[in-house]
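Have a look at target_32.txt below; it lists compact mmCIF, C-alpha atoms and all ligand atoms.
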```
# COMPACT_ATOMS: atom_id res chain seq x y z
CA PRO A 617 -73.25 -78.30 -115.38
CA ASP A 618 -71.97 -74.76 -115.80
CA GLU A 619 -68.98 -74.53 -113.48
CA SER A 620 -69.14 -70.73 -113.54
CA SER A 621 -71.78 -70.81 -110.80
CA ARG A 622 -69.97 -73.13 -108.40
CA LEU A 623 -69.43 -71.57 -104.96
CA VAL A 624 -66.82 -73.06 -102.69
CA VAL A 625 -66.41 -71.78 -99.15
CA SER A 626 -63.49 -73.32 -97.30
CA GLY A 627 -62.36 -72.96 -93.72
CA LEU A 628 -64.29 -69.73 -93.28
CA THR A 629 -64.09 -67.89 -89.98
CA ALA A 630 -66.00 -64.67 -89.39
CA ALA A 631 -66.59 -62.53 -86.35
CA TYR A 632 -68.19 -59.37 -85.07
CA GLY A 633 -65.74 -57.96 -82.57
CA LYS A 634 -63.95 -60.62 -80.60
CA ALA A 635 -66.28 -63.59 -80.66
CA ASP A 636 -66.18 -65.87 -83.70
CA VAL A 637 -69.64 -66.32 -85.21
CA LEU A 638 -68.50 -68.74 -87.90
CA THR A 639 -65.69 -71.19 -87.27
CA ASP A 640 -63.99 -73.17 -90.01
CA VAL A 641 -67.09 -73.39 -92.20
CA SER A 642 -66.73 -75.27 -95.49
CA ILE A 643 -69.61 -75.60 -97.91
CA GLU A 644 -69.96 -76.22 -101.59
CA VAL A 645 -72.85 -75.05 -103.76
CA GLU A 646 -73.20 -77.28 -106.80
CA PRO A 647 -73.97 -75.55 -110.11
CA GLY A 648 -77.61 -75.90 -111.11
CA GLU A 649 -78.75 -76.98 -107.67
CA ILE A 650 -80.52 -75.57 -104.65
CA THR A 651 -78.26 -75.89 -101.62
CA CYS A 652 -79.77 -75.05 -98.27
CA ILE A 653 -78.32 -73.87 -94.98
CA LEU A 654 -80.40 -74.88 -91.99
CA GLY A 655 -79.90 -73.93 -88.38
CA ALA A 656 -81.51 -72.36 -85.36
CA ASN A 657 -81.66 -68.63 -84.61
CA GLY A 658 -78.19 -67.22 -84.17
CA ALA A 659 -76.43 -70.22 -85.73
CA GLY A 660 -74.61 -67.91 -88.14
CA LYS A 661 -76.61 -68.42 -91.33
CA SER A 662 -76.98 -64.75 -92.21
CA THR A 663 -73.36 -64.15 -91.32
CA LEU A 664 -72.34 -66.80 -93.84
CA ILE A 665 -74.21 -64.87 -96.53
CA ARG A 666 -72.67 -61.61 -95.31
CA ALA A 667 -69.20 -63.16 -95.47
CA ILE A 668 -69.72 -64.42 -99.03
CA LEU A 669 -70.73 -60.87 -100.02
CA SER A 670 -67.83 -59.33 -98.03
CA LEU A 671 -70.33 -57.38 -95.92
CA THR A 672 -68.68 -59.06 -92.94
CA PRO A 673 -65.19 -59.76 -94.28
CA PRO A 674 -63.94 -63.22 -93.35
CA ARG A 675 -61.12 -63.48 -90.82
CA ALA A 676 -59.82 -66.67 -92.29
CA GLY A 677 -60.70 -69.05 -95.05
CA LYS A 678 -61.54 -68.68 -98.68
CA VAL A 679 -64.54 -68.04 -100.89
CA SER A 680 -64.30 -68.97 -104.53
CA PHE A 681 -66.90 -68.56 -107.26
CA GLY A 682 -66.60 -70.14 -110.66
CA GLY A 683 -63.02 -71.03 -109.81
CA ARG A 684 -62.12 -67.43 -109.00
CA ASP A 685 -61.03 -66.30 -105.53
CA ILE A 686 -63.54 -63.69 -104.35
CA THR A 687 -62.58 -63.67 -100.66
CA GLY A 688 -63.07 -60.16 -99.31
CA LEU A 689 -63.75 -58.73 -102.79
CA ALA A 690 -65.78 -55.50 -102.63
CA THR A 691 -69.48 -56.31 -102.51
CA HIS A 692 -70.37 -54.62 -105.80
CA LEU A 693 -67.67 -56.68 -107.51
CA VAL A 694 -69.03 -59.86 -105.94
CA ASN A 695 -72.39 -58.84 -107.41
CA ARG A 696 -70.78 -58.16 -110.77
CA ALA A 697 -69.20 -61.60 -110.70
CA GLY A 698 -72.75 -62.97 -110.81
CA ILE A 699 -73.92 -63.32 -107.22
CA ALA A 700 -77.12 -61.56 -106.18
CA CYS A 701 -78.72 -61.58 -102.75
CA ILE A 702 -82.28 -61.39 -101.54
CA PRO A 703 -81.81 -60.22 -97.97
CA GLU A 704 -83.75 -61.26 -94.93
CA GLY A 705 -86.66 -58.96 -94.23
CA ARG A 706 -87.30 -58.21 -97.92
CA LYS A 707 -85.99 -54.69 -97.93
CA VAL A 708 -87.97 -53.08 -100.73
CA PHE A 709 -87.81 -49.34 -101.36
CA GLY A 710 -91.09 -48.18 -99.85
CA ARG A 711 -91.31 -44.80 -101.57
CA MET A 712 -90.51 -46.20 -104.99
CA THR A 713 -92.87 -47.94 -107.36
CA VAL A 714 -92.67 -51.62 -108.20
CA LEU A 715 -91.15 -50.70 -111.55
CA GLU A 716 -88.50 -48.49 -109.95
CA ASN A 717 -87.65 -51.19 -107.41
CA LEU A 718 -87.10 -53.66 -110.23
CA ARG A 719 -84.98 -51.21 -112.26
CA ILE A 720 -82.70 -50.75 -109.25
CA GLY A 721 -82.08 -54.49 -109.28
CA ALA A 722 -80.73 -54.11 -112.82
CA PHE A 723 -78.48 -51.13 -112.12
CA GLY A 724 -75.41 -52.95 -113.41
CA ILE A 725 -76.99 -53.70 -116.79
CA ALA A 726 -76.49 -50.93 -119.34
CA ASP A 727 -78.36 -52.60 -122.22
CA ARG A 728 -81.96 -51.30 -122.04
CA ALA A 729 -83.36 -54.10 -124.17
CA GLU A 730 -81.80 -56.60 -121.77
CA VAL A 731 -83.37 -54.81 -118.80
CA ALA A 732 -86.76 -54.90 -120.54
CA ARG A 733 -86.34 -58.59 -121.31
CA ARG A 734 -85.54 -59.37 -117.69
CA MET A 735 -88.47 -57.27 -116.52
CA ASP A 736 -90.79 -59.35 -118.76
CA GLU A 737 -89.32 -62.51 -117.27
CA VAL A 738 -89.96 -61.25 -113.73
CA PHE A 739 -93.51 -60.26 -114.69
CA ALA A 740 -94.07 -63.73 -116.15
CA ILE A 741 -93.09 -65.27 -112.81
CA PHE A 742 -95.01 -62.70 -110.77
CA PRO A 743 -98.06 -61.46 -112.70
CA ARG A 744 -99.09 -59.60 -109.55
CA LEU A 745 -96.07 -57.32 -109.92
CA ALA A 746 -97.05 -56.54 -113.50
CA GLU A 747 -100.56 -55.60 -112.39
CA ARG A 748 -99.17 -53.38 -109.66
CA ARG A 749 -96.15 -51.93 -111.42
CA ALA A 750 -97.08 -48.33 -110.54
CA GLN A 751 -97.85 -49.04 -106.86
CA LEU A 752 -95.42 -47.87 -104.17
CA GLY A 753 -93.38 -50.72 -102.70
CA GLY A 754 -94.24 -49.74 -99.15
CA THR A 755 -97.97 -50.15 -99.78
CA MET A 756 -97.67 -53.73 -101.07
CA SER A 757 -98.70 -56.59 -98.76
CA GLY A 758 -96.02 -58.66 -97.02
CA GLY A 759 -96.35 -61.43 -99.58
CA GLU A 760 -96.22 -58.97 -102.46
CA GLN A 761 -93.11 -57.35 -101.02
CA ALA A 762 -91.56 -60.82 -100.84
CA MET A 763 -92.26 -61.26 -104.56
CA LEU A 764 -90.87 -57.81 -105.30
CA SER A 765 -87.65 -58.47 -103.44
CA ILE A 766 -87.16 -61.78 -105.26
CA GLY A 767 -88.01 -60.05 -108.55
CA ARG A 768 -85.44 -57.37 -107.84
CA GLY A 769 -82.81 -60.04 -107.18
CA LEU A 770 -83.61 -61.65 -110.53
CA MET A 771 -83.22 -58.37 -112.42
CA ALA A 772 -79.45 -58.58 -111.92
CA ALA A 773 -79.39 -61.78 -114.01
CA PRO A 774 -77.36 -63.63 -111.39
CA LYS A 775 -75.70 -66.98 -111.85
CA LEU A 776 -76.04 -67.59 -108.14
CA LEU A 777 -78.81 -66.26 -105.95
CA LEU A 778 -78.37 -66.10 -102.17
CA ILE A 779 -81.76 -66.09 -100.48
CA ASP A 780 -82.00 -65.36 -96.76
CA GLU A 781 -85.13 -66.72 -95.04
CA PRO A 782 -87.65 -65.81 -97.73
CA SER A 783 -90.55 -67.41 -95.85
CA LEU A 784 -90.01 -65.48 -92.63
CA GLY A 785 -93.20 -63.83 -91.40
CA LEU A 786 -95.34 -64.91 -94.34
CA SER A 787 -98.75 -66.56 -94.13
CA PRO A 788 -98.81 -70.31 -94.99
CA LEU A 789 -100.17 -69.64 -98.47
CA PHE A 790 -97.35 -67.23 -99.31
CA VAL A 791 -94.79 -69.56 -97.71
CA ALA A 792 -95.84 -72.32 -100.10
CA GLU A 793 -95.78 -69.91 -103.02
CA THR A 794 -92.33 -68.65 -102.06
CA PHE A 795 -90.88 -72.16 -102.07
CA ALA A 796 -92.55 -72.84 -105.42
CA VAL A 797 -90.94 -69.67 -106.78
CA VAL A 798 -87.50 -70.68 -105.50
CA LYS A 799 -87.90 -74.01 -107.26
CA ARG A 800 -88.98 -72.30 -110.47
CA ILE A 801 -86.06 -69.86 -110.38
CA ASN A 802 -83.72 -72.82 -110.02
CA GLU A 803 -85.38 -74.58 -112.94
CA MET A 804 -84.70 -71.46 -115.01
CA GLY A 805 -81.02 -72.30 -114.55
CA ILE A 806 -80.08 -70.16 -111.56
CA THR A 807 -78.01 -71.81 -108.84
CA VAL A 808 -79.45 -71.11 -105.40
CA LEU A 809 -78.09 -70.94 -101.86
CA LEU A 810 -81.14 -70.91 -99.60
CA VAL A 811 -80.97 -70.03 -95.91
CA GLU A 812 -84.10 -71.14 -94.09
CA GLN A 813 -85.59 -72.18 -90.80
CA ASN A 814 -88.61 -73.78 -92.40
CA VAL A 815 -86.99 -77.21 -92.46
CA HIS A 816 -89.68 -79.42 -93.98
CA GLN A 817 -90.41 -77.23 -96.97
CA THR A 818 -86.75 -76.42 -97.50
CA LEU A 819 -85.77 -80.09 -97.62
CA ALA A 820 -88.62 -80.63 -100.08
CA VAL A 821 -87.16 -78.20 -102.66
CA ALA A 822 -83.41 -78.34 -102.02
CA HIS A 823 -80.99 -80.86 -103.52
CA ARG A 824 -78.50 -80.86 -100.67
CA GLY A 825 -77.67 -78.88 -97.61
CA TYR A 826 -75.78 -78.11 -94.47
CA VAL A 827 -76.81 -77.67 -90.87
CA LEU A 828 -75.09 -74.94 -88.89
CA ALA A 829 -75.02 -74.87 -85.10
CA GLN A 830 -73.11 -72.24 -83.15
CA GLY A 831 -71.20 -71.25 -86.24
CA ARG A 832 -70.04 -74.73 -87.22
CA VAL A 833 -71.21 -77.21 -89.82
CA VAL A 834 -72.70 -80.11 -87.84
CA ALA A 835 -74.37 -82.04 -90.67
CA ARG A 836 -74.19 -82.12 -94.44
CA GLY A 837 -75.50 -84.20 -97.27
CA SER A 838 -78.19 -84.66 -99.88
CA THR A 839 -81.65 -83.74 -98.64
CA ALA A 840 -82.49 -87.45 -98.45
CA GLU A 841 -79.45 -87.97 -96.22
CA LEU A 842 -80.25 -84.95 -94.08
CA LYS A 843 -83.79 -86.19 -93.46
CA GLU A 844 -82.26 -89.38 -92.05
CA ASP A 845 -79.50 -87.65 -90.09
CA PRO A 846 -79.96 -88.44 -86.37
CA GLU A 847 -79.19 -84.87 -85.25
CA VAL A 848 -81.47 -83.33 -87.84
CA LYS A 849 -84.21 -85.81 -86.95
CA ALA A 850 -83.88 -85.08 -83.25
CA ALA A 851 -83.88 -81.33 -83.79
CA TYR A 852 -86.54 -81.02 -86.45
CA PHE A 853 -88.45 -84.23 -86.96
CA GLY A 854 -88.54 -85.52 -83.40
P1 LIG B 901 -81.41 -65.95 -87.52
O1 LIG B 901 -82.00 -67.20 -88.06
O2 LIG B 901 -81.97 -65.60 -86.16
O3 LIG B 901 -81.40 -64.80 -88.48
P2 LIG B 901 -78.65 -66.59 -88.11
O4 LIG B 901 -78.36 -68.04 -88.09
O5 LIG B 901 -78.83 -65.93 -89.41
O6 LIG B 901 -79.89 -66.30 -87.16
P3 LIG B 901 -76.65 -64.60 -87.62
O7 LIG B 901 -77.56 -63.46 -87.92
O8 LIG B 901 -75.62 -64.94 -88.59
O9 LIG B 901 -77.49 -65.91 -87.29
O10 LIG B 901 -75.99 -64.30 -86.19
C1 LIG B 901 -75.04 -65.17 -85.61
C2 LIG B 901 -74.54 -64.57 -84.30
O11 LIG B 901 -73.85 -63.34 -84.55
C3 LIG B 901 -75.65 -64.21 -83.32
O12 LIG B 901 -75.22 -64.56 -82.03
C4 LIG B 901 -75.80 -62.71 -83.47
O13 LIG B 901 -76.23 -62.12 -82.27
C5 LIG B 901 -74.40 -62.28 -83.82
N1 LIG B 901 -74.39 -61.06 -84.63
C6 LIG B 901 -75.03 -60.89 -85.82
N2 LIG B 901 -74.81 -59.68 -86.32
C7 LIG B 901 -74.01 -59.03 -85.45
C8 LIG B 901 -73.43 -57.73 -85.39
N3 LIG B 901 -73.61 -56.84 -86.37
N4 LIG B 901 -72.68 -57.43 -84.31
C9 LIG B 901 -72.48 -58.32 -83.32
N5 LIG B 901 -72.99 -59.57 -83.31
C10 LIG B 901 -73.74 -59.92 -84.35
```
Rewrite the coordinates I just gave you, this time as structure tokens.
Ligand code: ATP
Amino acid sequence: PDESSRLVVSGLTAAYGKADVLTDVSIEVEPGEITCILGANGAGKSTLIRAILSLTPPRAGKVSFGGRDITGLATHLVNRAGIACIPEGRKVFGRMTVLENLRIGAFGIADRAEVARRMDEVFAIFPRLAERRAQLGGTMSGGEQAMLSIGRGLMAAPKLLLIDEPSLGLSPLFVAETFAVVKRINEMGITVLLVEQNVHQTLAVAHRGYVLAQGRVVARGSTAELKEDPEVKAAYFG
């Protein structure tokens, strides 16, 4: 596998104010795989993503990507290193068209032909976005906005995509479609770190994962191992 997309988080501690939200968190995202982070509300999953992106700078510990230390690196430089994020809540630009939203995702790419090529790729994955390219983002349905926010993340041509709870608030049909899309993106060669609460469907698409509880890693392993983990079973499959 392409080592340039390996993410290694070691001994990470992060906090808002005085209270630690993440304590000594170590995870590894294998190149070419989907790694998931599971955990209840408030476990610290979003904070882990924020810390990787330096939106919440880590207090201790190290983040390395492709062998390079990116701990605390300015967010735009983390993005430039090849890490894109699809944030929780699918923040699309409501007053901009689908096309404009996608172009913003490619702001770091100067080559227009490359932007056009990526746009075609996104439209191939999401034909609905192609049909509605002139529609304002804010008038798209929840499921369509989910597609648009994933499409925008792909426009940056990331090596690693961080996806924060993509299924949140979607109808069952769109939830299933979202997981299928995550799988497809991964099959295109993009390494994925997926934060989710939808445990069954996440374990069905991911290769391995971690369970966070109160800011600490309490279980880790391949998805097959996690399904058999006593704590995971008690919490999610009981
Ligand atoms: P959810 O699944 O509900 O999104 P999560 O696992 O992503 O939860 P985080 O959003 O990382 O959890 O939050 C972890 C803890 O940090 C929570 O107790 C939360 O209240 C707290 N927290 C998050 N953001 C801030 C902030 N900006 N200031 C203070 N505390 C915060």
Atomic separation - atom CA of Ile665 of chain A relative to atom CA of Leu778 of chain A, Å: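 These two atoms are separated by 7.1 Å.
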Exercise answer, 8 Å around ligand LIG 901 (chain B) with only C-alpha atoms and all ligand atoms, as a ChimeraX atom specification: /A:631-633,637-638,655-664,704,781,811-813,828,830-831
Between atom CA of Gly785 of chain A and atom CA of Tyr852 of chain A, what is the distance in Å, rounded to a tenth?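 Rounded to one decimal, the two atoms are 19.1 Å apart.
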For Pro782 of chain A, which residue out of A:Arg800, A:Arg824, A:Ile702, A:Glu644 is the nearest one, using all atoms listed in the file? A:Ile702
Using all atoms listed in the file: which of A:Thr839, A:Ser680, A:Thr755, A:Thr807 has the shortest distance to Gly710 of chain A: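 Checking each of A:Thr839, A:Ser680, A:Thr755, A:Thr807 against Gly710 of chain A, counting all atoms listed in the file, the winner is A:Thr755.
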Write out as a ChimeraX atom specification which residues come within 9 Å of Asp618 of chain A when counting all atoms listed in the file, dropping same-chain ones fewer than 6 positions away. /A:647-648,682
Given the point (-93.4, -56.3, -101.2) in the file's coordinates, find the residues that have an atom at most 10 Å from it, counting only C-alpha atoms, and give them as a short mmCIF file (atom, residue, chain, number, x, y, z; two decimals) with C-alpha atoms, in the coordinates of the input.
```cif
data_model
loop_
_atom_site.label_atom_id
_atom_site.label_comp_id
_atom_site.auth_asym_id
_atom_site.auth_seq_id
_atom_site.Cartn_x
_atom_site.Cartn_y
_atom_site.Cartn_z
CA ARG A 706 -87.30 -58.21 -97.92
CA LYS A 707 -85.99 -54.69 -97.93
CA VAL A 708 -87.97 -53.08 -100.73
CA PHE A 709 -87.81 -49.34 -101.36
CA GLY A 710 -91.09 -48.18 -99.85
CA VAL A 714 -92.67 -51.62 -108.20
CA ASN A 717 -87.65 -51.19 -107.41
CA LEU A 745 -96.07 -57.32 -109.92
CA LEU A 752 -95.42 -47.87 -104.17
CA GLY A 753 -93.38 -50.72 -102.70
CA GLY A 754 -94.24 -49.74 -99.15
CA THR A 755 -97.97 -50.15 -99.78
CA MET A 756 -97.67 -53.73 -101.07
CA SER A 757 -98.70 -56.59 -98.76
CA GLY A 758 -96.02 -58.66 -97.02
CA GLY A 759 -96.35 -61.43 -99.58
CA GLU A 760 -96.22 -58.97 -102.46
CA GLN A 761 -93.11 -57.35 -101.02
CA ALA A 762 -91.56 -60.82 -100.84
CA MET A 763 -92.26 -61.26 -104.56
CA LEU A 764 -90.87 -57.81 -105.30
CA SER A 765 -87.65 -58.47 -103.44
CA ILE A 766 -87.16 -61.78 -105.26
CA GLY A 767 -88.01 -60.05 -108.55
#
```
Output as AutoDock Vina command-line options the centre and edge lengths (Å, one decimal) of the box along x, y and z of the file that holds every listed atom of segment 792-809 of chain A after adding 3 Å on each side.
```
--center_x -86.9 --center_y -71.6 --center_z -107.6 --size_x 23.8 --size_y 11.9 --size_z 20.9
```
Per-residue nearest contacts segment 743-852 of chain A to segment 728-738 of chain A, cut-off 9 Å, using all atoms listed in the file, as JSON lines:
```
{"residue": "A:Pro743", "atom": "CA", "partner": "A:Val738", "partner_atom": "CA", "distance": 8.2}
{"residue": "A:Leu745", "atom": "CA", "partner": "A:Val738", "partner_atom": "CA", "distance": 8.2}
{"residue": "A:Ala746", "atom": "CA", "partner": "A:Val738", "partner_atom": "CA", "distance": 8.5}
{"residue": "A:Ile766", "atom": "CA", "partner": "A:Val738", "partner_atom": "CA", "distance": 8.9}
{"residue": "A:Gly767", "atom": "CA", "partner": "A:Val738", "partner_atom": "CA", "distance": 5.7}
{"residue": "A:Arg768", "atom": "CA", "partner": "A:Val738", "partner_atom": "CA", "distance": 8.4}
{"residue": "A:Leu770", "atom": "CA", "partner": "A:Val738", "partner_atom": "CA", "distance": 7.1}
{"residue": "A:Met771", "atom": "CA", "partner": "A:Arg734", "partner_atom": "CA", "distance": 5.8}
{"residue": "A:Ala772", "atom": "CA", "partner": "A:Arg734", "partner_atom": "CA", "distance": 8.4}
{"residue": "A:Ala773", "atom": "CA", "partner": "A:Arg734", "partner_atom": "CA", "distance": 7.6}
```
Expected file: the selected residues, C-alpha atoms, as a JSON list (two decimals), keeping the file's coordinate frame:
```
[["chain", "number", "residue", "atom", "x", "y", "z"],
["A", 743, "PRO", "CA", -98.06, -61.46, -112.70],
["A", 745, "LEU", "CA", -96.07, -57.32, -109.92],
["A", 746, "ALA", "CA", -97.05, -56.54, -113.50],
["A", 766, "ILE", "CA", -87.16, -61.78, -105.26],
["A", 767, "GLY", "CA", -88.01, -60.05, -108.55],
["A", 768, "ARG", "CA", -85.44, -57.37, -107.84],
["A", 770, "LEU", "CA", -83.61, -61.65, -110.53],
["A", 771, "MET", "CA", -83.22, -58.37, -112.42],
["A", 772, "ALA", "CA", -79.45, -58.58, -111.92],
["A", 773, "ALA", "CA", -79.39, -61.78, -114.01]]
```
To one decimal place, how far is atom CA of Leu715 of chain A from atom CA of Val821 of chain A in Å?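 Atom CA of Leu715 of chain A sits 29.2 Å away from atom CA of Val821 of chain A.
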Residues within 7 Å of Pro674 of chain A, all atoms listed in the file, excluding chain neighbours under 6 positions, as a PDB file with C-alpha atoms, in the frame of the given file:
```pdb
ATOM      1  CA  LEU A 628     -64.290 -69.730 -93.280  1.00  0.00           C
ATOM      2  CA  THR A 629     -64.090 -67.890 -89.980  1.00  0.00           C
ATOM      3  CA  ALA A 630     -66.000 -64.670 -89.390  1.00  0.00           C
ATOM      4  CA  ALA A 667     -69.200 -63.160 -95.470  1.00  0.00           C
ATOM      5  CA  GLY A 688     -63.070 -60.160 -99.310  1.00  0.00           C
TER       6      GLY A 688
END
```
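Residue nearest Gly721 of chain A within the list A:Tyr826, A:Ala750, A:Leu671, A:Asn695: A:Asn695 [criterion: smallest interatomic distance, only C-alpha atoms].
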Which residues are near Ile806 of chain A? Cut-off 7 Å, all atoms listed in the file, ignore same chain within fewer than 6 positions. Put them as a VMD selection string. chain A and resid 648 775 to 777
Quick one: write out the picked residues with C-alpha atoms as a PDB file, in the frame of the given file?
```
ATOM      1  CA  GLY A 648     -77.610 -75.900-111.110  1.00  0.00           C
ATOM      2  CA  LYS A 775     -75.700 -66.980-111.850  1.00  0.00           C
ATOM      3  CA  LEU A 776     -76.040 -67.590-108.140  1.00  0.00           C
ATOM      4  CA  LEU A 777     -78.810 -66.260-105.950  1.00  0.00           C
TER       5      LEU A 777
END
```
Closest to Val641 of chain A among A:Ala700, A:Val827, A:Ala851, A:Leu786, using all atoms listed in the file?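 Ranking A:Ala700, A:Val827, A:Ala851, A:Leu786 by distance to Val641 of chain A, first place goes to A:Val827.
Those residues positioned at most 12 Å from (-62.2, -66.6, -106.5) are Ser620, Ser621, Arg622, Leu623, Val624, Val625, Ser626, Ile668, Gly677, Lys678, Val679, Ser680, Phe681, Gly682, Gly683, Arg684, Asp685, Ile686, Thr687, Gly688, Leu689, Leu693, Val694, Ala697 and Gly698 of chain A, judged using all atoms listed in the file.
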Show me, as a PDB file with C-alpha atoms, in the frame of the given file, the residues that have an atom within 12 Å of Ala840 of chain A when counting only C-alpha atoms, minus same-chain residues fewer than 6 positions from it.
```
ATOM      1  CA  HIS A 816     -89.680 -79.420 -93.980  1.00  0.00           C
ATOM      2  CA  THR A 818     -86.750 -76.420 -97.500  1.00  0.00           C
ATOM      3  CA  LEU A 819     -85.770 -80.090 -97.620  1.00  0.00           C
ATOM      4  CA  ALA A 820     -88.620 -80.630-100.080  1.00  0.00           C
ATOM      5  CA  VAL A 821     -87.160 -78.200-102.660  1.00  0.00           C
ATOM      6  CA  ALA A 822     -83.410 -78.340-102.020  1.00  0.00           C
ATOM      7  CA  HIS A 823     -80.990 -80.860-103.520  1.00  0.00           C
ATOM      8  CA  ARG A 824     -78.500 -80.860-100.670  1.00  0.00           C
ATOM      9  CA  GLY A 825     -77.670 -78.880 -97.610  1.00  0.00           C
ATOM     10  CA  VAL A 848     -81.470 -83.330 -87.840  1.00  0.00           C
ATOM     11  CA  LYS A 849     -84.210 -85.810 -86.950  1.00  0.00           C
TER      12      LYS A 849
END
```
Model the absent atoms of segment 726-748 of chain A so that N, CA and C atoms are present, and write the result as a PDB file, in the frame of the given file.
```
ATOM      1  N   ALA A 726     -76.370 -52.159-118.547  1.00  0.00           N
ATOM      2  CA  ALA A 726     -76.490 -50.930-119.340  1.00  0.00           C
ATOM      3  C   ALA A 726     -77.470 -51.102-120.509  1.00  0.00           C
ATOM      4  N   ASP A 727     -77.554 -52.316-121.036  1.00  0.00           N
ATOM      5  CA  ASP A 727     -78.360 -52.600-122.220  1.00  0.00           C
ATOM      6  C   ASP A 727     -79.857 -52.537-121.874  1.00  0.00           C
ATOM      7  N   ARG A 728     -80.556 -51.518-122.405  1.00  0.00           N
ATOM      8  CA  ARG A 728     -81.960 -51.300-122.040  1.00  0.00           C
ATOM      9  C   ARG A 728     -82.862 -52.443-122.510  1.00  0.00           C
ATOM     10  N   ALA A 729     -82.546 -52.999-123.655  1.00  0.00           N
ATOM     11  CA  ALA A 729     -83.360 -54.100-124.170  1.00  0.00           C
ATOM     12  C   ALA A 729     -83.244 -55.309-123.238  1.00  0.00           C
ATOM     13  N   GLU A 730     -82.040 -55.503-122.711  1.00  0.00           N
ATOM     14  CA  GLU A 730     -81.800 -56.600-121.770  1.00  0.00           C
ATOM     15  C   GLU A 730     -82.595 -56.370-120.479  1.00  0.00           C
ATOM     16  N   VAL A 731     -82.606 -55.133-120.015  1.00  0.00           N
ATOM     17  CA  VAL A 731     -83.370 -54.810-118.800  1.00  0.00           C
ATOM     18  C   VAL A 731     -84.860 -55.091-119.053  1.00  0.00           C
ATOM     19  N   ALA A 732     -85.349 -54.685-120.202  1.00  0.00           N
ATOM     20  CA  ALA A 732     -86.760 -54.900-120.540  1.00  0.00           C
ATOM     21  C   ALA A 732     -87.078 -56.399-120.621  1.00  0.00           C
ATOM     22  N   ARG A 733     -86.140 -57.149-121.189  1.00  0.00           N
ATOM     23  CA  ARG A 733     -86.340 -58.590-121.310  1.00  0.00           C
ATOM     24  C   ARG A 733     -86.423 -59.248-119.925  1.00  0.00           C
ATOM     25  N   ARG A 734     -85.546 -58.815-119.050  1.00  0.00           N
ATOM     26  CA  ARG A 734     -85.540 -59.370-117.690  1.00  0.00           C
ATOM     27  C   ARG A 734     -86.816 -58.985-116.937  1.00  0.00           C
ATOM     28  N   MET A 735     -87.244 -57.746-117.166  1.00  0.00           N
ATOM     29  CA  MET A 735     -88.470 -57.270-116.520  1.00  0.00           C
ATOM     30  C   MET A 735     -89.646 -58.161-116.967  1.00  0.00           C
ATOM     31  N   ASP A 736     -89.712 -58.472-118.249  1.00  0.00           N
ATOM     32  CA  ASP A 736     -90.790 -59.350-118.760  1.00  0.00           C
ATOM     33  C   ASP A 736     -90.726 -60.718-118.099  1.00  0.00           C
ATOM     34  N   GLU A 737     -89.498 -61.207-117.897  1.00  0.00           N
ATOM     35  CA  GLU A 737     -89.320 -62.510-117.270  1.00  0.00           C
ATOM     36  C   GLU A 737     -89.837 -62.482-115.825  1.00  0.00           C
ATOM     37  N   VAL A 738     -89.501 -61.401-115.121  1.00  0.00           N
ATOM     38  CA  VAL A 738     -89.960 -61.250-113.730  1.00  0.00           C
ATOM     39  C   VAL A 738     -91.494 -61.158-113.703  1.00  0.00           C
ATOM     40  N   PHE A 739     -92.057 -60.404-114.645  1.00  0.00           N
ATOM     41  CA  PHE A 739     -93.510 -60.260-114.690  1.00  0.00           C
ATOM     42  C   PHE A 739     -94.197 -61.586-115.040  1.00  0.00           C
ATOM     43  N   ALA A 740     -93.499 -62.415-115.807  1.00  0.00           N
ATOM     44  CA  ALA A 740     -94.070 -63.730-116.150  1.00  0.00           C
ATOM     45  C   ALA A 740     -94.122 -64.618-114.904  1.00  0.00           C
ATOM     46  N   ILE A 741     -93.104 -64.485-114.050  1.00  0.00           N
ATOM     47  CA  ILE A 741     -93.090 -65.270-112.810  1.00  0.00           C
ATOM     48  C   ILE A 741     -94.074 -64.698-111.802  1.00  0.00           C
ATOM     49  N   PHE A 742     -94.153 -63.373-111.754  1.00  0.00           N
ATOM     50  CA  PHE A 742     -95.010 -62.700-110.770  1.00  0.00           C
ATOM     51  C   PHE A 742     -95.996 -61.768-111.475  1.00  0.00           C
ATOM     52  N   PRO A 743     -97.081 -62.310-112.014  1.00  0.00           N
ATOM     53  CA  PRO A 743     -98.060 -61.460-112.700  1.00  0.00           C
ATOM     54  C   PRO A 743     -98.585 -60.342-111.795  1.00  0.00           C
ATOM     55  N   ARG A 744     -98.611 -60.607-110.497  1.00  0.00           N
ATOM     56  CA  ARG A 744     -99.090 -59.600-109.550  1.00  0.00           C
ATOM     57  C   ARG A 744     -98.245 -58.332-109.619  1.00  0.00           C
ATOM     58  N   LEU A 745     -96.945 -58.496-109.837  1.00  0.00           N
ATOM     59  CA  LEU A 745     -96.070 -57.320-109.920  1.00  0.00           C
ATOM     60  C   LEU A 745     -96.359 -56.525-111.186  1.00  0.00           C
ATOM     61  N   ALA A 746     -96.710 -57.226-112.250  1.00  0.00           N
ATOM     62  CA  ALA A 746     -97.050 -56.540-113.500  1.00  0.00           C
ATOM     63  C   ALA A 746     -98.316 -55.710-113.308  1.00  0.00           C
ATOM     64  N   GLU A 747     -99.293 -56.316-112.629  1.00  0.00           N
ATOM     65  CA  GLU A 747    -100.560 -55.600-112.390  1.00  0.00           C
ATOM     66  C   GLU A 747    -100.341 -54.363-111.536  1.00  0.00           C
ATOM     67  N   ARG A 748     -99.365 -54.450-110.633  1.00  0.00           N
ATOM     68  CA  ARG A 748     -99.170 -53.380-109.660  1.00  0.00           C
ATOM     69  C   ARG A 748     -97.883 -52.604-109.911  1.00  0.00           C
TER      70      ARG A 748
END
```
